[in-house]
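**Student:** This is data_32.cif (mmCIF, N, CA and C atoms).
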data_target
#
loop_
_atom_site.label_atom_id
_atom_site.label_comp_id
_atom_site.auth_asym_id
_atom_site.auth_seq_id
_atom_site.Cartn_x
_atom_site.Cartn_y
_atom_site.Cartn_z
N MET A 56 -33.14 137.79 230.42
CA MET A 56 -33.58 139.15 230.16
C MET A 56 -32.91 140.08 231.15
N PRO A 57 -32.37 141.18 230.67
CA PRO A 57 -31.76 142.13 231.60
C PRO A 57 -32.80 142.61 232.62
N PHE A 58 -32.33 142.86 233.84
CA PHE A 58 -33.23 143.26 234.91
C PHE A 58 -34.05 144.49 234.55
N TRP A 59 -33.45 145.49 233.90
CA TRP A 59 -34.17 146.71 233.58
C TRP A 59 -35.33 146.43 232.64
N LYS A 60 -35.18 145.47 231.72
CA LYS A 60 -36.29 145.12 230.83
C LYS A 60 -37.37 144.36 231.59
N TYR A 61 -36.96 143.44 232.44
CA TYR A 61 -37.92 142.66 233.22
C TYR A 61 -38.75 143.58 234.12
N ALA A 62 -38.06 144.45 234.87
CA ALA A 62 -38.76 145.36 235.78
C ALA A 62 -39.69 146.30 235.01
N SER A 63 -39.23 146.81 233.89
CA SER A 63 -40.06 147.70 233.07
C SER A 63 -41.30 146.97 232.54
N ASN A 64 -41.12 145.76 232.06
CA ASN A 64 -42.26 144.98 231.56
C ASN A 64 -43.28 144.72 232.65
N ARG A 65 -42.82 144.38 233.84
CA ARG A 65 -43.74 144.12 234.95
C ARG A 65 -44.50 145.39 235.33
N PHE A 66 -43.79 146.52 235.42
CA PHE A 66 -44.42 147.80 235.75
C PHE A 66 -45.45 148.18 234.68
N LEU A 67 -45.07 148.09 233.41
CA LEU A 67 -45.99 148.45 232.34
C LEU A 67 -47.22 147.55 232.32
N THR A 68 -47.03 146.28 232.57
CA THR A 68 -48.17 145.36 232.61
C THR A 68 -49.13 145.74 233.72
N LEU A 69 -48.62 146.05 234.90
CA LEU A 69 -49.47 146.48 236.01
C LEU A 69 -50.21 147.77 235.65
N ALA A 70 -49.48 148.75 235.15
CA ALA A 70 -50.10 150.04 234.80
C ALA A 70 -51.17 149.86 233.73
N GLU A 71 -50.89 149.05 232.73
CA GLU A 71 -51.87 148.85 231.66
C GLU A 71 -53.09 148.09 232.16
N ASN A 72 -52.90 147.11 233.01
CA ASN A 72 -54.06 146.41 233.57
C ASN A 72 -54.96 147.38 234.33
N ILE A 73 -54.37 148.31 235.05
CA ILE A 73 -55.15 149.30 235.79
C ILE A 73 -55.86 150.26 234.82
N LEU A 74 -55.11 150.79 233.86
CA LEU A 74 -55.68 151.77 232.93
C LEU A 74 -56.71 151.16 231.98
N LEU A 75 -56.47 149.93 231.54
CA LEU A 75 -57.36 149.29 230.58
C LEU A 75 -58.45 148.46 231.24
N GLY A 76 -58.35 148.27 232.55
CA GLY A 76 -59.34 147.47 233.24
C GLY A 76 -59.29 146.00 232.87
N ALA A 77 -58.11 145.51 232.55
CA ALA A 77 -57.94 144.12 232.13
C ALA A 77 -57.13 143.36 233.17
N LYS A 78 -56.96 142.09 232.92
CA LYS A 78 -56.16 141.24 233.81
C LYS A 78 -55.26 140.35 232.98
N LEU A 79 -54.51 140.95 232.09
CA LEU A 79 -53.58 140.18 231.27
C LEU A 79 -52.28 139.96 232.03
N SER A 80 -51.64 138.85 231.77
CA SER A 80 -50.39 138.57 232.46
C SER A 80 -49.21 139.27 231.80
N GLU A 81 -49.39 139.69 230.55
CA GLU A 81 -48.26 140.26 229.83
C GLU A 81 -48.76 140.95 228.56
N TYR A 82 -48.21 142.10 228.24
CA TYR A 82 -48.62 142.86 227.05
C TYR A 82 -47.52 142.96 225.99
N HIS A 83 -46.33 142.49 226.26
CA HIS A 83 -45.18 142.93 225.48
C HIS A 83 -44.53 141.90 224.59
N THR A 84 -45.01 140.66 224.58
CA THR A 84 -44.46 139.72 223.62
C THR A 84 -45.14 139.93 222.29
N GLY A 85 -44.52 139.55 221.22
CA GLY A 85 -45.05 139.84 219.90
C GLY A 85 -45.84 138.74 219.25
N TYR A 86 -46.02 137.61 219.88
CA TYR A 86 -46.73 136.50 219.25
C TYR A 86 -48.21 136.60 219.56
N ARG A 87 -49.02 136.83 218.56
CA ARG A 87 -50.45 137.03 218.74
C ARG A 87 -51.22 136.32 217.62
N ALA A 88 -52.46 135.97 217.90
CA ALA A 88 -53.37 135.44 216.89
C ALA A 88 -54.69 136.20 217.03
N PHE A 89 -55.28 136.56 215.91
CA PHE A 89 -56.50 137.35 215.91
C PHE A 89 -57.54 136.73 215.00
N SER A 90 -58.79 136.86 215.37
CA SER A 90 -59.86 136.41 214.48
C SER A 90 -60.08 137.46 213.39
N ARG A 91 -60.69 137.03 212.33
CA ARG A 91 -61.00 137.95 211.24
C ARG A 91 -61.93 139.06 211.72
N ALA A 92 -62.91 138.71 212.56
CA ALA A 92 -63.87 139.71 213.07
C ALA A 92 -63.15 140.82 213.83
N VAL A 93 -62.15 140.45 214.61
CA VAL A 93 -61.37 141.44 215.36
C VAL A 93 -60.62 142.35 214.39
N LEU A 94 -59.91 141.76 213.45
CA LEU A 94 -59.10 142.56 212.52
C LEU A 94 -59.96 143.49 211.66
N GLU A 95 -61.15 143.06 211.31
CA GLU A 95 -62.03 143.91 210.51
C GLU A 95 -62.61 145.07 211.31
N ARG A 96 -62.65 144.93 212.63
CA ARG A 96 -63.24 145.97 213.48
C ARG A 96 -62.25 147.06 213.88
N LEU A 97 -60.96 146.73 213.95
CA LEU A 97 -59.97 147.68 214.45
C LEU A 97 -59.54 148.68 213.39
N ASP A 98 -59.21 149.89 213.85
CA ASP A 98 -58.66 150.92 212.97
C ASP A 98 -57.13 150.76 212.97
N LEU A 99 -56.64 149.76 212.24
CA LEU A 99 -55.21 149.47 212.25
C LEU A 99 -54.38 150.59 211.62
N ALA A 100 -54.94 151.28 210.64
CA ALA A 100 -54.21 152.37 209.98
C ALA A 100 -53.97 153.54 210.93
N GLY A 101 -54.77 153.66 211.98
CA GLY A 101 -54.61 154.74 212.95
C GLY A 101 -53.57 154.46 214.01
N ASN A 102 -53.03 153.24 214.01
CA ASN A 102 -52.02 152.86 215.01
C ASN A 102 -50.62 153.29 214.58
N SER A 103 -49.73 153.26 215.52
CA SER A 103 -48.33 153.61 215.30
C SER A 103 -47.67 152.64 214.32
N ASP A 104 -46.61 153.07 213.70
CA ASP A 104 -45.79 152.20 212.85
C ASP A 104 -44.59 151.67 213.62
N ASP A 105 -44.58 151.84 214.92
CA ASP A 105 -43.43 151.43 215.74
C ASP A 105 -43.86 150.30 216.69
N PHE A 106 -43.02 149.98 217.66
CA PHE A 106 -43.25 148.86 218.56
C PHE A 106 -44.58 148.95 219.33
N VAL A 107 -45.09 150.14 219.56
CA VAL A 107 -46.31 150.30 220.36
C VAL A 107 -47.56 149.87 219.59
N PHE A 108 -47.42 149.55 218.31
CA PHE A 108 -48.54 149.11 217.48
C PHE A 108 -49.33 147.97 218.13
N ASP A 109 -48.64 146.92 218.59
CA ASP A 109 -49.35 145.78 219.17
C ASP A 109 -50.05 146.15 220.47
N ASN A 110 -49.49 147.08 221.22
CA ASN A 110 -50.13 147.53 222.45
C ASN A 110 -51.42 148.28 222.13
N GLN A 111 -51.37 149.10 221.11
CA GLN A 111 -52.57 149.82 220.68
C GLN A 111 -53.64 148.84 220.20
N MET A 112 -53.23 147.78 219.50
CA MET A 112 -54.19 146.77 219.06
C MET A 112 -54.88 146.12 220.25
N LEU A 113 -54.12 145.75 221.27
CA LEU A 113 -54.71 145.13 222.46
C LEU A 113 -55.72 146.07 223.12
N ALA A 114 -55.37 147.35 223.21
CA ALA A 114 -56.28 148.32 223.81
C ALA A 114 -57.56 148.46 222.98
N GLN A 115 -57.42 148.48 221.66
CA GLN A 115 -58.59 148.58 220.79
C GLN A 115 -59.47 147.32 220.92
N ILE A 116 -58.85 146.18 221.04
CA ILE A 116 -59.61 144.93 221.20
C ILE A 116 -60.45 145.01 222.48
N LEU A 117 -59.84 145.48 223.55
CA LEU A 117 -60.58 145.63 224.81
C LEU A 117 -61.67 146.69 224.67
N TRP A 118 -61.38 147.78 223.99
CA TRP A 118 -62.34 148.86 223.80
C TRP A 118 -63.61 148.35 223.12
N HIS A 119 -63.44 147.49 222.13
CA HIS A 119 -64.58 146.98 221.38
C HIS A 119 -65.25 145.78 222.05
N GLY A 120 -64.77 145.41 223.22
CA GLY A 120 -65.43 144.36 223.99
C GLY A 120 -65.10 142.94 223.59
N PHE A 121 -64.06 142.75 222.81
CA PHE A 121 -63.64 141.41 222.45
C PHE A 121 -62.91 140.76 223.62
N THR A 122 -62.91 139.45 223.65
CA THR A 122 -62.22 138.70 224.69
C THR A 122 -60.79 138.40 224.23
N ILE A 123 -59.86 138.53 225.16
CA ILE A 123 -58.47 138.18 224.90
C ILE A 123 -58.14 136.94 225.72
N ALA A 124 -57.71 135.91 225.05
CA ALA A 124 -57.29 134.68 225.73
C ALA A 124 -55.76 134.62 225.69
N GLU A 125 -55.19 134.09 226.74
CA GLU A 125 -53.74 133.97 226.80
C GLU A 125 -53.35 132.50 226.84
N VAL A 126 -52.30 132.18 226.13
CA VAL A 126 -51.70 130.85 226.18
C VAL A 126 -50.26 131.06 226.60
N SER A 127 -49.87 130.45 227.69
CA SER A 127 -48.50 130.67 228.17
C SER A 127 -47.50 129.95 227.27
N CYS A 128 -46.34 130.54 227.18
CA CYS A 128 -45.25 129.94 226.42
C CYS A 128 -43.94 130.32 227.10
N PRO A 129 -42.94 129.51 226.96
CA PRO A 129 -41.66 129.83 227.60
C PRO A 129 -41.02 131.05 226.94
N THR A 130 -40.36 131.84 227.75
CA THR A 130 -39.65 133.01 227.24
C THR A 130 -38.16 132.70 227.18
N LYS A 131 -37.59 132.93 226.04
CA LYS A 131 -36.15 132.76 225.88
C LYS A 131 -35.59 134.10 225.46
N TYR A 132 -34.58 134.55 226.13
CA TYR A 132 -34.02 135.85 225.81
C TYR A 132 -32.55 135.70 225.46
N PHE A 133 -32.18 136.29 224.34
CA PHE A 133 -30.79 136.37 223.93
C PHE A 133 -30.65 137.63 223.09
N PRO A 134 -29.47 138.21 223.03
CA PRO A 134 -29.31 139.53 222.40
C PRO A 134 -29.89 139.63 220.98
N GLU A 135 -29.76 138.59 220.19
CA GLU A 135 -30.26 138.64 218.81
C GLU A 135 -31.79 138.61 218.73
N ALA A 136 -32.45 138.27 219.84
CA ALA A 136 -33.91 138.15 219.84
C ALA A 136 -34.61 139.50 219.97
N SER A 137 -33.91 140.53 220.35
CA SER A 137 -34.54 141.82 220.55
C SER A 137 -33.82 142.90 219.76
N SER A 138 -34.58 143.64 218.98
CA SER A 138 -33.98 144.70 218.18
C SER A 138 -34.22 146.07 218.80
N ILE A 139 -34.74 146.12 220.00
CA ILE A 139 -35.06 147.40 220.63
C ILE A 139 -33.97 147.77 221.63
N ASN A 140 -33.43 148.97 221.47
CA ASN A 140 -32.39 149.43 222.38
C ASN A 140 -33.01 150.25 223.52
N LEU A 141 -32.19 150.76 224.42
CA LEU A 141 -32.69 151.49 225.59
C LEU A 141 -33.53 152.69 225.19
N ARG A 142 -33.07 153.48 224.25
CA ARG A 142 -33.80 154.68 223.84
C ARG A 142 -35.18 154.32 223.29
N ARG A 143 -35.24 153.34 222.41
CA ARG A 143 -36.52 152.93 221.83
C ARG A 143 -37.39 152.24 222.88
N SER A 144 -36.76 151.56 223.84
CA SER A 144 -37.52 150.94 224.93
C SER A 144 -38.23 152.00 225.77
N ILE A 145 -37.54 153.09 226.04
CA ILE A 145 -38.14 154.18 226.82
C ILE A 145 -39.30 154.79 226.04
N ARG A 146 -39.10 155.03 224.75
CA ARG A 146 -40.16 155.57 223.91
C ARG A 146 -41.35 154.60 223.86
N TYR A 147 -41.07 153.31 223.77
CA TYR A 147 -42.13 152.30 223.77
C TYR A 147 -42.90 152.34 225.09
N GLY A 148 -42.19 152.41 226.20
CA GLY A 148 -42.84 152.45 227.51
C GLY A 148 -43.77 153.63 227.65
N PHE A 149 -43.31 154.81 227.25
CA PHE A 149 -44.17 155.99 227.31
C PHE A 149 -45.33 155.87 226.32
N GLY A 150 -45.10 155.23 225.17
CA GLY A 150 -46.18 155.00 224.22
C GLY A 150 -47.27 154.10 224.80
N CYS A 151 -46.85 153.05 225.53
CA CYS A 151 -47.81 152.15 226.18
C CYS A 151 -48.61 152.89 227.24
N LEU A 152 -47.92 153.68 228.05
CA LEU A 152 -48.61 154.45 229.08
C LEU A 152 -49.56 155.47 228.46
N GLY A 153 -49.14 156.09 227.37
CA GLY A 153 -50.00 157.05 226.67
C GLY A 153 -51.23 156.38 226.10
N THR A 154 -51.07 155.20 225.54
CA THR A 154 -52.21 154.44 225.01
C THR A 154 -53.19 154.11 226.13
N GLY A 155 -52.67 153.63 227.24
CA GLY A 155 -53.51 153.30 228.38
C GLY A 155 -54.23 154.51 228.94
N LEU A 156 -53.54 155.63 229.02
CA LEU A 156 -54.15 156.85 229.53
C LEU A 156 -55.24 157.36 228.59
N ARG A 157 -54.97 157.35 227.28
CA ARG A 157 -56.00 157.77 226.31
C ARG A 157 -57.22 156.85 226.39
N PHE A 158 -56.99 155.55 226.55
CA PHE A 158 -58.09 154.59 226.71
C PHE A 158 -58.93 154.96 227.93
N ARG A 159 -58.28 155.17 229.07
CA ARG A 159 -58.99 155.47 230.32
C ARG A 159 -59.77 156.77 230.19
N LEU A 160 -59.14 157.82 229.65
CA LEU A 160 -59.82 159.11 229.50
C LEU A 160 -60.99 159.03 228.52
N ALA A 161 -60.82 158.27 227.44
CA ALA A 161 -61.92 158.09 226.49
C ALA A 161 -63.05 157.30 227.14
N ARG A 162 -62.72 156.32 227.93
CA ARG A 162 -63.73 155.52 228.62
C ARG A 162 -64.52 156.38 229.61
N MET A 163 -63.86 157.35 230.21
CA MET A 163 -64.52 158.26 231.16
C MET A 163 -65.28 159.38 230.43
N GLY A 164 -65.15 159.44 229.11
CA GLY A 164 -65.83 160.47 228.34
C GLY A 164 -65.12 161.80 228.36
N LEU A 165 -63.85 161.82 228.76
CA LEU A 165 -63.10 163.07 228.88
C LEU A 165 -62.21 163.36 227.68
N LEU A 166 -62.13 162.42 226.74
CA LEU A 166 -61.23 162.59 225.61
C LEU A 166 -61.83 161.94 224.38
N GLY A 167 -61.82 162.67 223.29
CA GLY A 167 -62.18 162.08 222.01
C GLY A 167 -60.91 161.55 221.37
N CYS A 168 -60.95 160.34 220.89
CA CYS A 168 -59.73 159.72 220.37
C CYS A 168 -60.11 158.79 219.22
N SER A 169 -59.40 158.88 218.11
CA SER A 169 -59.74 158.05 216.95
C SER A 169 -59.51 156.57 217.23
N LEU A 170 -58.57 156.23 218.10
CA LEU A 170 -58.34 154.82 218.43
C LEU A 170 -59.47 154.25 219.27
N PHE A 171 -60.13 155.12 220.03
CA PHE A 171 -61.21 154.69 220.93
C PHE A 171 -62.43 155.57 220.69
N PRO A 172 -63.15 155.31 219.59
CA PRO A 172 -64.28 156.18 219.23
C PRO A 172 -65.45 156.02 220.20
N LYS A 173 -66.15 157.11 220.39
CA LYS A 173 -67.33 157.09 221.26
C LYS A 173 -68.41 156.24 220.62
N VAL A 174 -69.14 155.57 221.49
CA VAL A 174 -70.29 154.77 221.06
C VAL A 174 -71.53 155.54 221.48
N ALA A 175 -72.54 155.60 220.63
CA ALA A 175 -73.75 156.37 220.91
C ALA A 175 -74.30 156.04 222.30
N GLY A 176 -74.55 157.10 223.09
CA GLY A 176 -75.15 156.94 224.41
C GLY A 176 -74.17 156.70 225.53
N SER A 177 -72.90 156.55 225.21
CA SER A 177 -71.93 156.23 226.27
C SER A 177 -70.53 156.49 225.77
N ALA A 178 -69.61 156.80 226.71
CA ALA A 178 -68.23 156.97 226.33
C ALA A 178 -67.57 155.63 226.04
N TRP A 179 -68.08 154.57 226.63
CA TRP A 179 -67.53 153.24 226.38
C TRP A 179 -68.63 152.21 226.50
N GLN A 180 -68.69 151.37 225.53
CA GLN A 180 -69.68 150.32 225.55
C GLN A 180 -69.16 149.19 224.67
N PRO A 181 -68.96 148.01 225.22
CA PRO A 181 -68.49 146.93 224.36
C PRO A 181 -69.50 146.60 223.28
N THR A 182 -68.99 146.21 222.11
CA THR A 182 -69.88 145.87 220.99
C THR A 182 -69.78 144.42 220.68
#
Kindly transcribe the structure held in the file into structure tokens.
**Tutor:**
Amino acid sequence: MPFWKYASNRFLTLAENILLGAKLSEYHTGYRAFSRAVLERLDLAGNSDDFVFDNQMLAQILWHGFTIAEVSCPTKYFPEASSINLRRSIRYGFGCLGTGLRFRLARMGLLGCSLFPKVAGSAWQPT
């Protein structure tokens, strides 16, 4: 993996863990498995149609109080494995930070957001 991608991924993971209040080791690989209950609860239509979609899903999962389990797997990087260029990577990075910031502000009760709807009696309450 090019150094700029590695460093960006590490920075974004740290920032998202702080903003989302989670302790995930990584947010940016695309291999995920979800339960039916999770998929039925999320507002998937309200998410982006671009790379940040999976990041928004993770934030919504945390918002609704679901548990995220991680299974480690080896990372192999080669040019054909990634379709995202520098420009789209930058847009993705800002999208991740924006998602995390909206999550944090909604949790503090300072922002109304369709991805992170208020729960009666509190700005954030796991369900």
**Student:** Residues within 10 Å of A:Lys78, please, as a compact mmCIF listing (two decimals) with N, CA and C atoms, in the frame of the given file. Count only C-alpha atoms; anything in the same chain fewer than 6 positions from it doesn't count.
**Tutor:**
# COMPACT_ATOMS: atom_id res chain seq x y z
N THR A 68 -47.03 146.28 232.57
CA THR A 68 -48.17 145.36 232.61
C THR A 68 -49.13 145.74 233.72
N LEU A 69 -48.62 146.05 234.90
CA LEU A 69 -49.47 146.48 236.01
C LEU A 69 -50.21 147.77 235.65
N GLU A 71 -50.89 149.05 232.73
CA GLU A 71 -51.87 148.85 231.66
C GLU A 71 -53.09 148.09 232.16
N ASN A 72 -52.90 147.11 233.01
CA ASN A 72 -54.06 146.41 233.57
C ASN A 72 -54.96 147.38 234.33
N ILE A 123 -59.86 138.53 225.16
CA ILE A 123 -58.47 138.18 224.90
C ILE A 123 -58.14 136.94 225.72
**Student:** Which residues in chain A does DSSP call alpha helix (DSSP H)? List them as a PyMOL selection string.
**Tutor:** chain A and resi 58-75+91-96+108-118+141-162
**Student:** Measuring between all atoms listed in the file, which one of A:Ala92, A:Leu165, A:Leu75, A:Ile145 shows the shortest distance to A:Trp118?
**Tutor:**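 The shortest atom-to-atom distance to A:Trp118 comes from A:Leu75.
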**Student:** Please provide the set of residues having any atom within 8 Å of stretch 148-156 of chain A, restricted to all atoms listed in the file, with same-chain residues fewer than 2 positions apart removed, written as a list in words.
**Tutor:**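 Answer for this query is Ser63, Leu67, Ala70, Glu71, Asn72, Ile73, Leu74, Leu75, Phe106, Val107, Phe108, Asn110, Gln111, Ala114, Arg142, Arg143, Ser144, Ile145, Arg146, Phe158, Arg159, Leu160, Ala161 and Arg162 of chain A.
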**Student:** Do you know which residues the PyMOL selection byres ((chain A and resi 115) around 8) returns on this file, as an mmCIF file with N, CA and C atoms, keeping the file's coordinate frame?
**Tutor:**
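And here is the file that came out, part10.cif:
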data_model
loop_
_atom_site.group_PDB
_atom_site.id
_atom_site.type_symbol
_atom_site.label_atom_id
_atom_site.label_comp_id
_atom_site.auth_asym_id
_atom_site.auth_seq_id
_atom_site.Cartn_x
_atom_site.Cartn_y
_atom_site.Cartn_z
ATOM 1 N N ARG A 96 -62.650 144.930 212.630
ATOM 2 C CA ARG A 96 -63.240 145.970 213.480
ATOM 3 C C ARG A 96 -62.250 147.060 213.880
ATOM 4 N N LEU A 97 -60.960 146.730 213.950
ATOM 5 C CA LEU A 97 -59.970 147.680 214.450
ATOM 6 C C LEU A 97 -59.540 148.680 213.390
ATOM 7 N N ASP A 98 -59.210 149.890 213.850
ATOM 8 C CA ASP A 98 -58.660 150.920 212.970
ATOM 9 C C ASP A 98 -57.130 150.760 212.970
ATOM 10 N N ASP A 109 -48.640 146.920 218.590
ATOM 11 C CA ASP A 109 -49.350 145.780 219.170
ATOM 12 C C ASP A 109 -50.050 146.150 220.470
ATOM 13 N N ASN A 110 -49.490 147.080 221.220
ATOM 14 C CA ASN A 110 -50.130 147.530 222.450
ATOM 15 C C ASN A 110 -51.420 148.280 222.130
ATOM 16 N N GLN A 111 -51.370 149.100 221.110
ATOM 17 C CA GLN A 111 -52.570 149.820 220.680
ATOM 18 C C GLN A 111 -53.640 148.840 220.200
ATOM 19 N N MET A 112 -53.230 147.780 219.500
ATOM 20 C CA MET A 112 -54.190 146.770 219.060
ATOM 21 C C MET A 112 -54.880 146.120 220.250
ATOM 22 N N LEU A 113 -54.120 145.750 221.270
ATOM 23 C CA LEU A 113 -54.710 145.130 222.460
ATOM 24 C C LEU A 113 -55.720 146.070 223.120
ATOM 25 N N ALA A 114 -55.370 147.350 223.210
ATOM 26 C CA ALA A 114 -56.280 148.320 223.810
ATOM 27 C C ALA A 114 -57.560 148.460 222.980
ATOM 28 N N ILE A 116 -58.850 146.180 221.040
ATOM 29 C CA ILE A 116 -59.610 144.930 221.200
ATOM 30 C C ILE A 116 -60.450 145.010 222.480
ATOM 31 N N LEU A 117 -59.840 145.480 223.550
ATOM 32 C CA LEU A 117 -60.580 145.630 224.810
ATOM 33 C C LEU A 117 -61.670 146.690 224.670
ATOM 34 N N TRP A 118 -61.380 147.780 223.990
ATOM 35 C CA TRP A 118 -62.340 148.860 223.800
ATOM 36 C C TRP A 118 -63.610 148.350 223.120
ATOM 37 N N HIS A 119 -63.440 147.490 222.130
ATOM 38 C CA HIS A 119 -64.580 146.980 221.380
ATOM 39 C C HIS A 119 -65.250 145.780 222.050
ATOM 40 N N GLY A 120 -64.770 145.410 223.220
ATOM 41 C CA GLY A 120 -65.430 144.360 223.990
ATOM 42 C C GLY A 120 -65.100 142.940 223.590
ATOM 43 N N PHE A 121 -64.060 142.750 222.810
ATOM 44 C CA PHE A 121 -63.640 141.410 222.450
ATOM 45 C C PHE A 121 -62.910 140.760 223.620
ATOM 46 N N PHE A 158 -56.990 155.550 226.550
ATOM 47 C CA PHE A 158 -58.090 154.590 226.710
ATOM 48 C C PHE A 158 -58.930 154.960 227.930
ATOM 49 N N LEU A 170 -58.570 156.230 218.100
ATOM 50 C CA LEU A 170 -58.340 154.820 218.430
ATOM 51 C C LEU A 170 -59.470 154.250 219.270
ATOM 52 N N PHE A 171 -60.130 155.120 220.030
ATOM 53 C CA PHE A 171 -61.210 154.690 220.930
ATOM 54 C C PHE A 171 -62.430 155.570 220.690
#
**Student:** Quick one: pull the distance between atom CA of A:Arg65 and atom CA of A:Arg87, Å, one decimal.
**Tutor:**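 Atom-to-atom, atom CA of A:Arg65 and atom CA of A:Arg87 are spaced 18.9 Å apart.
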**Student:** Between atom CA of A:Gly164 and atom N of A:Ser80, measure the distance and give it in Å to one decimal.
**Tutor:**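 Atom N of A:Ser80 lies at a distance of 26.1 Å from atom CA of A:Gly164.
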**Student:** In Å to one decimal, how far is atom C of A:Thr122 from atom CA of A:Gly76?
**Tutor:**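 These two atoms are separated by 12.9 Å.
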